[in-house]
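What's in coords_25.txt: compact mmCIF, C-alpha atoms
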# COMPACT_ATOMS: atom_id res chain seq x y z
CA MET A 1 187.98 -51.72 138.01
CA PRO A 2 191.75 -52.26 138.33
CA LYS A 3 192.85 -55.71 139.48
CA PRO A 4 194.41 -55.85 142.94
CA LYS A 5 198.18 -56.28 142.85
CA PRO A 6 199.32 -59.83 143.68
CA TYR A 7 202.31 -58.56 145.62
CA ALA A 8 202.89 -55.93 148.29
CA ARG A 9 206.20 -54.30 149.11
CA ILE A 10 206.94 -54.28 152.85
CA ALA A 11 209.91 -53.57 155.09
CA ILE A 12 210.69 -56.20 157.72
CA THR A 13 213.40 -56.64 160.34
CA LEU A 14 215.15 -60.01 160.54
CA PRO A 15 217.91 -61.36 162.76
CA GLU A 16 221.19 -61.29 160.83
CA LYS A 17 221.59 -65.04 161.08
CA GLN A 18 218.22 -65.76 159.44
CA LEU A 19 218.85 -63.13 156.79
CA ALA A 20 222.17 -64.77 155.93
CA GLN A 21 220.42 -68.16 155.77
CA ALA A 22 217.76 -66.74 153.46
CA ASP A 23 220.42 -65.28 151.19
CA ARG A 24 222.33 -68.55 151.04
CA LEU A 25 219.14 -70.41 150.13
CA ALA A 26 218.25 -67.84 147.52
CA ARG A 27 221.65 -68.19 145.87
CA ARG A 28 221.54 -71.96 145.97
CA LEU A 29 218.02 -72.14 144.54
CA ASP A 30 218.52 -69.28 142.09
CA ARG A 31 215.59 -67.43 143.64
CA SER A 32 215.06 -64.01 145.12
CA ARG A 33 215.32 -63.30 148.83
CA SER A 34 211.62 -62.37 148.75
CA TRP A 35 210.73 -65.76 147.30
CA VAL A 36 212.55 -67.57 150.10
CA VAL A 37 210.84 -65.51 152.80
CA ALA A 38 207.41 -65.95 151.15
CA GLU A 39 207.98 -69.70 150.81
CA ALA A 40 208.98 -70.00 154.48
CA ILE A 41 205.80 -68.19 155.54
CA ARG A 42 203.68 -70.31 153.22
CA CYS A 43 205.13 -73.54 154.65
CA TYR A 44 204.69 -72.32 158.22
CA ALA A 45 201.08 -71.29 157.62
CA ALA A 46 200.26 -74.55 155.82
CA ALA A 47 201.74 -76.59 158.66
CA GLU A 48 199.81 -74.60 161.26
CA GLU A 49 196.57 -75.10 159.40
CA ALA A 50 197.23 -78.79 158.84
CA ASP A 51 198.14 -79.57 162.43
CA GLY A 52 196.54 -76.89 164.53
CA SER A 53 199.09 -77.58 167.22
CA GLU A 54 202.66 -76.88 168.19
CA ARG A 55 203.68 -80.12 166.52
CA ALA A 56 203.50 -78.18 163.30
CA LEU A 57 206.78 -76.58 164.25
CA SER A 58 208.61 -79.87 164.56
CA THR A 59 211.44 -80.81 162.25
CA LYS A 60 209.07 -82.98 160.24
CA THR A 61 207.00 -80.01 159.14
CA TYR A 62 208.52 -79.94 155.70
CA ALA A 63 207.55 -83.51 155.01
CA ARG A 64 203.86 -82.78 155.41
CA THR A 65 203.68 -79.57 153.44
CA PRO A 66 204.25 -79.79 149.74
CA ILE A 67 205.81 -76.65 148.37
CA ALA A 68 204.03 -74.79 145.62
CA MET A 69 206.75 -73.50 143.35
CA ALA A 70 206.39 -70.52 141.11
CA PRO A 71 206.79 -71.90 137.60
CA GLY A 72 210.09 -71.67 135.76
CA LEU A 73 213.74 -71.44 136.73
CA GLY A 74 215.81 -68.33 137.01
CA GLU A 75 217.63 -67.21 133.87
CA SER A 76 221.05 -68.16 135.13
CA ARG A 77 219.92 -71.63 136.17
CA GLN A 78 218.20 -72.16 132.84
CA ALA A 79 221.31 -71.12 130.91
CA GLN A 80 223.40 -73.43 133.10
CA LEU A 81 221.05 -76.34 132.34
CA VAL A 82 221.34 -75.77 128.60
CA ARG A 83 225.14 -75.79 128.93
CA ASP A 84 225.01 -78.92 131.10
CA LEU A 85 222.83 -80.74 128.58
CA SER A 86 225.36 -80.11 125.83
CA LEU A 87 227.78 -82.36 127.75
CA THR A 88 227.72 -86.15 127.79
CA PRO A 89 226.52 -87.87 130.98
CA GLU A 90 230.11 -88.80 131.84
CA GLU A 91 231.31 -85.24 131.29
CA ARG A 92 228.59 -83.96 133.63
CA VAL A 93 229.64 -86.43 136.31
CA ARG A 94 233.27 -85.34 135.94
CA VAL A 95 232.39 -81.62 136.17
CA ALA A 96 230.27 -82.24 139.27
CA GLU A 97 232.98 -84.29 140.95
CA GLU A 98 235.58 -81.63 140.21
CA THR A 99 233.30 -79.02 141.78
CA LEU A 100 232.98 -81.21 144.85
CA ARG A 101 236.74 -81.76 145.03
CA LEU A 102 237.31 -78.01 145.04
CA SER A 103 234.66 -77.38 147.67
CA GLU A 104 235.96 -80.19 149.88
CA ARG A 105 239.59 -79.12 149.67
CA HIS A 106 239.50 -77.45 153.07
CA ARG A 107 237.34 -80.03 154.75
CA ARG A 108 239.43 -81.40 157.58
CA VAL A 109 237.28 -84.09 159.12
CA ARG A 110 237.00 -87.42 157.37
CA ARG A 111 234.74 -89.97 158.99
CA HIS A 112 234.05 -93.59 158.34
CA GLN A 113 230.50 -94.05 159.38
CA LEU A 114 227.54 -96.32 159.07
CA VAL A 115 224.18 -94.76 159.84
CA ALA A 116 220.81 -96.44 159.36
CA PHE A 117 217.30 -94.97 159.36
CA ASP A 118 214.10 -96.96 159.81
CA GLU A 119 212.01 -94.34 158.03
CA TYR A 120 212.88 -92.23 155.00
CA SER A 121 211.53 -89.15 156.80
CA ASP A 122 214.10 -89.71 159.58
CA PHE A 123 216.81 -89.68 156.90
CA LEU A 124 215.48 -86.36 155.58
CA ASP A 125 215.36 -84.91 159.11
CA TRP A 126 218.97 -85.88 159.61
CA LYS A 127 219.99 -84.34 156.31
CA VAL A 128 218.29 -81.07 157.21
CA SER A 129 219.49 -80.84 160.77
CA GLY A 130 222.86 -82.43 161.02
CA ARG A 131 224.74 -82.48 157.82
CA LEU A 132 226.48 -80.18 155.41
CA SER A 133 224.86 -81.66 152.34
CA PRO A 134 225.03 -80.30 148.85
CA MET B 1 240.80 -104.20 140.32
CA LYS B 2 240.54 -101.37 137.83
CA ASP B 3 240.68 -97.80 139.13
CA TYR B 4 238.10 -95.30 137.95
CA ASP B 5 238.21 -91.52 138.02
CA THR B 6 234.60 -91.08 139.08
CA ARG B 7 232.91 -92.36 142.19
CA VAL B 8 229.81 -93.51 140.37
CA ALA B 9 231.87 -95.68 138.00
CA GLN B 10 233.87 -97.06 140.91
CA VAL B 11 230.76 -97.97 142.92
CA CYS B 12 228.70 -99.29 139.99
CA SER B 13 231.53 -101.40 138.58
CA ARG B 14 231.69 -103.32 141.85
CA LEU B 15 227.91 -103.58 142.18
CA ASN B 16 227.73 -104.90 138.60
CA ALA B 17 230.52 -107.39 139.29
CA GLU B 18 228.51 -108.78 142.19
CA ARG B 19 225.34 -108.80 140.03
CA ALA B 20 223.56 -106.63 142.56
CA LYS B 21 220.11 -105.34 141.64
CA TYR B 22 220.13 -101.59 142.10
CA ILE B 23 219.15 -98.30 140.49
CA VAL B 24 221.03 -95.02 140.88
CA VAL B 25 218.74 -92.28 142.20
CA GLY B 26 219.28 -88.87 143.83
CA ALA B 27 221.68 -86.18 142.69
CA THR B 28 223.99 -88.58 140.87
CA ALA B 29 221.05 -89.67 138.72
CA MET B 30 220.30 -85.99 138.08
CA GLN B 31 223.85 -85.53 136.83
CA LEU B 32 223.42 -88.38 134.39
CA TRP B 33 220.17 -86.90 133.09
CA GLY B 34 221.36 -83.34 132.72
CA THR B 35 222.85 -81.29 135.57
CA THR B 36 226.32 -80.72 136.99
CA ARG B 37 225.10 -80.21 140.55
CA ALA B 38 227.72 -81.59 142.90
CA THR B 39 226.89 -84.19 145.48
CA ARG B 40 228.81 -86.08 148.10
CA ASP B 41 226.57 -89.14 147.84
CA VAL B 42 225.89 -91.98 145.50
CA ASP B 43 222.30 -93.00 146.27
CA ILE B 44 221.19 -96.46 145.21
CA LEU B 45 217.70 -97.91 145.44
CA ILE B 46 218.08 -101.67 145.82
CA GLU B 47 215.88 -104.69 145.40
CA PRO B 48 214.98 -105.23 149.08
CA THR B 49 215.91 -108.87 149.52
CA VAL B 50 218.49 -110.27 151.91
CA ALA B 51 220.34 -112.01 149.07
CA ASN B 52 220.62 -108.78 147.11
CA ALA B 53 221.60 -106.70 150.15
CA ARG B 54 224.36 -109.22 150.76
CA ARG B 55 225.65 -108.67 147.21
CA VAL B 56 225.53 -104.90 147.70
CA LEU B 57 227.46 -105.04 150.98
CA ARG B 58 230.00 -107.41 149.48
CA ALA B 59 230.54 -105.04 146.56
CA LEU B 60 230.99 -101.98 148.77
CA ALA B 61 233.34 -103.78 151.13
CA THR B 62 235.79 -104.24 148.25
CA ILE B 63 236.16 -100.53 147.55
CA GLY B 64 237.02 -99.02 150.88
CA PHE B 65 233.66 -99.20 152.59
CA GLY B 66 235.07 -101.53 155.21
CA LEU B 67 232.12 -101.11 157.53
CA ALA B 68 229.93 -102.75 154.89
CA SER B 69 231.45 -106.13 155.65
CA GLU B 70 230.45 -105.82 159.30
CA HIS B 71 226.84 -104.96 158.57
CA LEU B 72 224.09 -107.54 158.26
CA ALA B 73 222.11 -107.77 155.04
CA LYS B 74 218.87 -108.30 156.90
CA ASP B 75 219.40 -104.99 158.72
CA VAL B 76 219.79 -103.19 155.40
CA VAL B 77 216.56 -104.70 154.11
CA SER B 78 214.61 -103.82 157.25
CA ARG B 79 215.55 -100.15 157.08
CA ALA B 80 214.61 -97.39 154.65
CA VAL B 81 218.14 -96.01 154.43
CA THR B 82 221.60 -97.26 155.32
CA MET B 83 224.47 -94.81 154.79
CA ILE B 84 228.00 -96.10 154.51
CA GLY B 85 231.18 -94.05 154.38
CA ASP B 86 231.77 -90.36 154.31
CA MET B 87 233.62 -89.24 151.20
CA PRO B 88 232.49 -90.86 149.04
CA ASN B 89 229.30 -91.83 150.73
CA VAL B 90 226.87 -94.48 149.52
CA ASP B 91 223.26 -94.32 150.65
CA ILE B 92 221.55 -97.70 150.29
CA LEU B 93 217.82 -97.13 149.99
CA THR B 94 215.04 -99.69 150.13
CA ARG B 95 212.70 -96.83 149.32
CA ALA B 96 213.32 -93.32 148.04
CA TRP B 97 210.50 -91.42 149.72
CA ASN B 98 207.49 -92.99 147.95
CA LEU B 99 209.48 -94.69 145.22
CA ARG B 100 210.09 -98.41 145.60
CA TRP B 101 212.21 -100.85 143.66
CA THR B 102 209.18 -102.57 142.17
CA ASP B 103 207.89 -99.23 140.85
CA ALA B 104 211.15 -98.15 139.28
CA CYS B 105 212.94 -101.27 138.06
CA ASP B 106 211.05 -101.52 134.75
CA ARG B 107 211.72 -97.91 133.78
CA VAL B 108 215.48 -97.83 134.15
CA THR B 109 217.77 -96.09 131.66
CA THR B 110 221.36 -97.34 131.55
CA PHE B 111 224.06 -94.68 131.08
CA ASP B 112 227.70 -95.36 130.38
CA VAL B 113 230.35 -93.81 132.62
CA GLU B 114 233.96 -94.78 131.96
CA GLY B 115 232.69 -97.92 130.25
CA VAL B 116 230.62 -98.93 133.27
CA PRO B 117 226.87 -99.45 132.79
CA VAL B 118 224.99 -97.32 135.34
CA PRO B 119 221.30 -98.26 135.73
CA THR B 120 219.48 -95.02 136.48
CA ALA B 121 215.94 -94.13 137.54
CA SER B 122 213.74 -92.42 134.96
CA ILE B 123 213.18 -88.68 135.22
CA GLY B 124 209.56 -89.31 136.19
CA ASP B 125 210.59 -91.67 139.00
CA LEU B 126 213.23 -89.23 140.22
CA ILE B 127 210.54 -86.56 140.43
CA GLU B 128 208.35 -88.93 142.47
CA SER B 129 211.26 -89.64 144.81
CA LYS B 130 211.61 -85.92 145.46
CA ARG B 131 208.03 -85.10 146.40
CA THR B 132 209.10 -84.75 150.03
CA GLY B 133 208.19 -81.10 150.48
CA ARG B 134 211.83 -80.32 151.32
CA LEU B 135 212.97 -77.08 149.75
CA GLN B 136 216.00 -78.63 148.05
CA ASP B 137 213.86 -81.43 146.63
CA ALA B 138 211.27 -78.95 145.37
CA ALA B 139 214.03 -77.08 143.56
CA ASP B 140 215.31 -80.40 142.15
CA ILE B 141 211.83 -81.18 140.79
CA GLU B 142 211.84 -77.92 138.89
CA ILE B 143 215.22 -78.76 137.41
CA LEU B 144 214.14 -82.28 136.47
CA GLU B 145 211.00 -80.99 134.79
CA GLU B 146 213.06 -78.50 132.84
CA ILE B 147 215.55 -81.22 131.84
CA ARG B 148 212.66 -83.34 130.61
CA ARG B 149 211.32 -80.40 128.61
CA LEU B 150 214.72 -79.59 127.10
CA ARG B 151 215.44 -83.21 126.23
CA ASP B 152 212.07 -83.55 124.50
CA GLU B 153 212.67 -80.50 122.30

Is it possible to give me this structure as structure tokens?
Amino acid sequence: MPKPKPYARIAITLPEKQLAQADRLARRLDRSRSWVVAEAIRCYAAAEEADGSERALSTKTYARTPIAMAPGLGESRQAQLVRDLSLTPEERVRVAEETLRLSERHRRVRRHQLVAFDEYSDFLDWKVSGRLSP
Amino acid sequence: MKDYDTRVAQVCSRLNAERAKYIVVGATAMQLWGTTRATRDVDILIEPTVANARRVLRALATIGFGLASEHLAKDVVSRAVTMIGDMPNVDILTRAWNLRWTDACDRVTTFDVEGVPVPTASIGDLIESKRTGRLQDAADIEILEEIRRLRDE
């Protein structure tokens, strides 16, 4: 008997904003758009099952639901890692800082701030919700 | 005071001068182990004592983190995270998710950046610090595991 296929192809309709967010995440994580959507559903379902209440939709959901990653990196990320490892630690730091300098070139706002968090999970919430963090 | 090109050398040189007990974690530690992923932060996990927090604040106050001098060491110790500055930004951690100073301090690797010793968390400890369930951290774990595999080859 043939094995059932582990994947199904479907057509779904998404708001443009969420689609753009999914594409940005996919690029950043070197994953497919499908993987991002599947991962979001998996996290949502896991949180629902774990909590059984609307609290599962709170901003702390991610902290309670470990993500099961498909093994292996994308080809481009893997090739990048091999290139990165051929550099010295100091060279890697310099490359990363140059990348940041280029990306920050048009950033207008500079703040001097001191922010404290009692719990590490509060710090993660803040990173997710309020900050443009690489 | 000597100027450094990189933020991590600038920050660590001052922390070392004050004999602060700290370990670099987060994305900067990932750079030292094997990636060129950019980050705005230098994350340091510190020994959570008032005396050490005082050394850390004193060090940061000398390199443009003026607010550090106004902050109390005991407040740093009582909190999980204290962020100072913007660009660069230093996150002072008394715990990195489940990773604590006492867990990590015996497994430090020291890298050299611009002649400055940079005590850095082990790859295994970095992975533990990223078991938050956050998507970015899950992706970082994959990268760290691949770095470990490639370095062992």

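Among the candidates B:Arg14, B:Val118, B:Ala104, B:Asp91, the residue lying nearest to A:Glu90 is B:Val118 (atoms considered: all atoms listed in the file).
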
Mind pulling up the distance from atom CA of B:Val81 to atom CA of A:Tyr120? 6.5 Å

Atom CA of A:Ala116 to atom CA of B:Val11, distance in Å rounded to a single decimal: 19.3 Å

Residues near stretch 78-83 of chain A, anyone? I mean within 12 Å using all atoms listed in the file, not counting same-chain ones fewer than 3 positions away, as a short mmCIF file (atom, residue, chain, number, x, y, z; two decimals) with C-alpha atoms, keeping the file's coordinate frame.
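Final file, out.cif:
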data_model
loop_
_atom_site.label_atom_id
_atom_site.label_comp_id
_atom_site.auth_asym_id
_atom_site.auth_seq_id
_atom_site.Cartn_x
_atom_site.Cartn_y
_atom_site.Cartn_z
CA LEU A 29 218.02 -72.14 144.54
CA ASP A 30 218.52 -69.28 142.09
CA GLY A 72 210.09 -71.67 135.76
CA LEU A 73 213.74 -71.44 136.73
CA GLY A 74 215.81 -68.33 137.01
CA GLU A 75 217.63 -67.21 133.87
CA SER A 86 225.36 -80.11 125.83
CA LEU A 87 227.78 -82.36 127.75
CA THR A 88 227.72 -86.15 127.79
CA GLU A 91 231.31 -85.24 131.29
CA ARG A 92 228.59 -83.96 133.63
CA VAL A 95 232.39 -81.62 136.17
CA MET B 30 220.30 -85.99 138.08
CA GLN B 31 223.85 -85.53 136.83
CA TRP B 33 220.17 -86.90 133.09
CA GLY B 34 221.36 -83.34 132.72
CA THR B 35 222.85 -81.29 135.57
CA THR B 36 226.32 -80.72 136.99
CA ARG B 37 225.10 -80.21 140.55
CA GLU B 142 211.84 -77.92 138.89
CA ILE B 143 215.22 -78.76 137.41
CA LEU B 144 214.14 -82.28 136.47
CA GLU B 145 211.00 -80.99 134.79
CA GLU B 146 213.06 -78.50 132.84
CA ILE B 147 215.55 -81.22 131.84
CA ARG B 148 212.66 -83.34 130.61
CA ARG B 149 211.32 -80.40 128.61
CA LEU B 150 214.72 -79.59 127.10
CA ARG B 151 215.44 -83.21 126.23
CA GLU B 153 212.67 -80.50 122.30
#

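Shortest atom-to-atom contact with chain A among B:Leu45, B:Val113, B:Val77, B:Leu15: B:Val113, counting only C-alpha atoms.
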
From the set B:Lys21, B:Arg55, B:Arg7, B:Lys2, which residue has the shortest atom-to-atom contact distance to chain A, counting only C-alpha atoms? B:Arg7

Extract, using all atoms listed in the file, all DNA, RNA and protein residues at most 6 Å from stretch 8-24 of chain A, discarding same-chain residues fewer than 2 positions from it, and format them as a PDB file with C-alpha atoms, keeping the file's coordinate frame.
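Now in around_22.pdb:
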ATOM      1  CA  ALA A  26     218.250 -67.840 147.520  1.00  0.00           C
ATOM      2  CA  ARG A  27     221.650 -68.190 145.870  1.00  0.00           C
ATOM      3  CA  ARG A  33     215.320 -63.300 148.830  1.00  0.00           C
TER       4      ARG A  33
END

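The two atoms in question, atom CA of B:Glu18 and atom CA of B:Ser129, are spaced 25.9 Å apart.
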
Could you give me, as JSON lines, every stretch 17-84 of chain B residue with an atom at most 10 Å from stretch 120-123 of chain B, plus its closest atom pair and distance in Å to one decimal, counting only C-alpha atoms, rows ordered by chain then number?
{"residue": "B:Tyr22", "atom": "CA", "partner": "B:Thr120", "partner_atom": "CA", "distance": 8.7}
{"residue": "B:Ile23", "atom": "CA", "partner": "B:Thr120", "partner_atom": "CA", "distance": 5.2}
{"residue": "B:Val24", "atom": "CA", "partner": "B:Thr120", "partner_atom": "CA", "distance": 4.7}
{"residue": "B:Val25", "atom": "CA", "partner": "B:Ala121", "partner_atom": "CA", "distance": 5.7}
{"residue": "B:Gly26", "atom": "CA", "partner": "B:Ala121", "partner_atom": "CA", "distance": 8.9}
{"residue": "B:Thr28", "atom": "CA", "partner": "B:Thr120", "partner_atom": "CA", "distance": 9.0}
{"residue": "B:Ala29", "atom": "CA", "partner": "B:Thr120", "partner_atom": "CA", "distance": 6.0}
{"residue": "B:Met30", "atom": "CA", "partner": "B:Ile123", "partner_atom": "CA", "distance": 8.1}
{"residue": "B:Leu32", "atom": "CA", "partner": "B:Thr120", "partner_atom": "CA", "distance": 8.0}
{"residue": "B:Trp33", "atom": "CA", "partner": "B:Ile123", "partner_atom": "CA", "distance": 7.5}
{"residue": "B:Ile44", "atom": "CA", "partner": "B:Thr120", "partner_atom": "CA", "distance": 9.0}
{"residue": "B:Leu45", "atom": "CA", "partner": "B:Ala121", "partner_atom": "CA", "distance": 8.9}

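In terms of minimum interatomic distance to chain A, B:Ala139 ranks closest within B:Ile63, B:Ala139, B:Ala20, B:Val116, counting all atoms listed in the file.
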
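Of the residues listed (A:Ala96, A:Val36, A:Ile41, A:Leu114), A:Leu114 shows the shortest atom-to-atom separation from B:Ile84; distances use all atoms listed in the file.
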
Among listed residues B:Val76, B:Ile92, B:Leu126, B:Ile141, nearest B:Asp41 (using all atoms listed in the file): B:Ile92

Pick out the residues sitting within 9 Å of B:Leu135, and hand them over as a tab-separated table (two decimals) with C-alpha atoms, in the coordinates of the input; count all atoms listed in the file, and ignore anything fewer than 2 positions along from it in its own chain.
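Result saved to part19.tsv:
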chain	number	residue	atom	x	y	z
A	29	LEU	CA	218.02	-72.14	144.54
A	39	GLU	CA	207.98	-69.70	150.81
A	62	TYR	CA	208.52	-79.94	155.70
A	67	ILE	CA	205.81	-76.65	148.37
B	132	THR	CA	209.10	-84.75	150.03
B	133	GLY	CA	208.19	-81.10	150.48
B	137	ASP	CA	213.86	-81.43	146.63
B	138	ALA	CA	211.27	-78.95	145.37
B	139	ALA	CA	214.03	-77.08	143.56
B	140	ASP	CA	215.31	-80.40	142.15
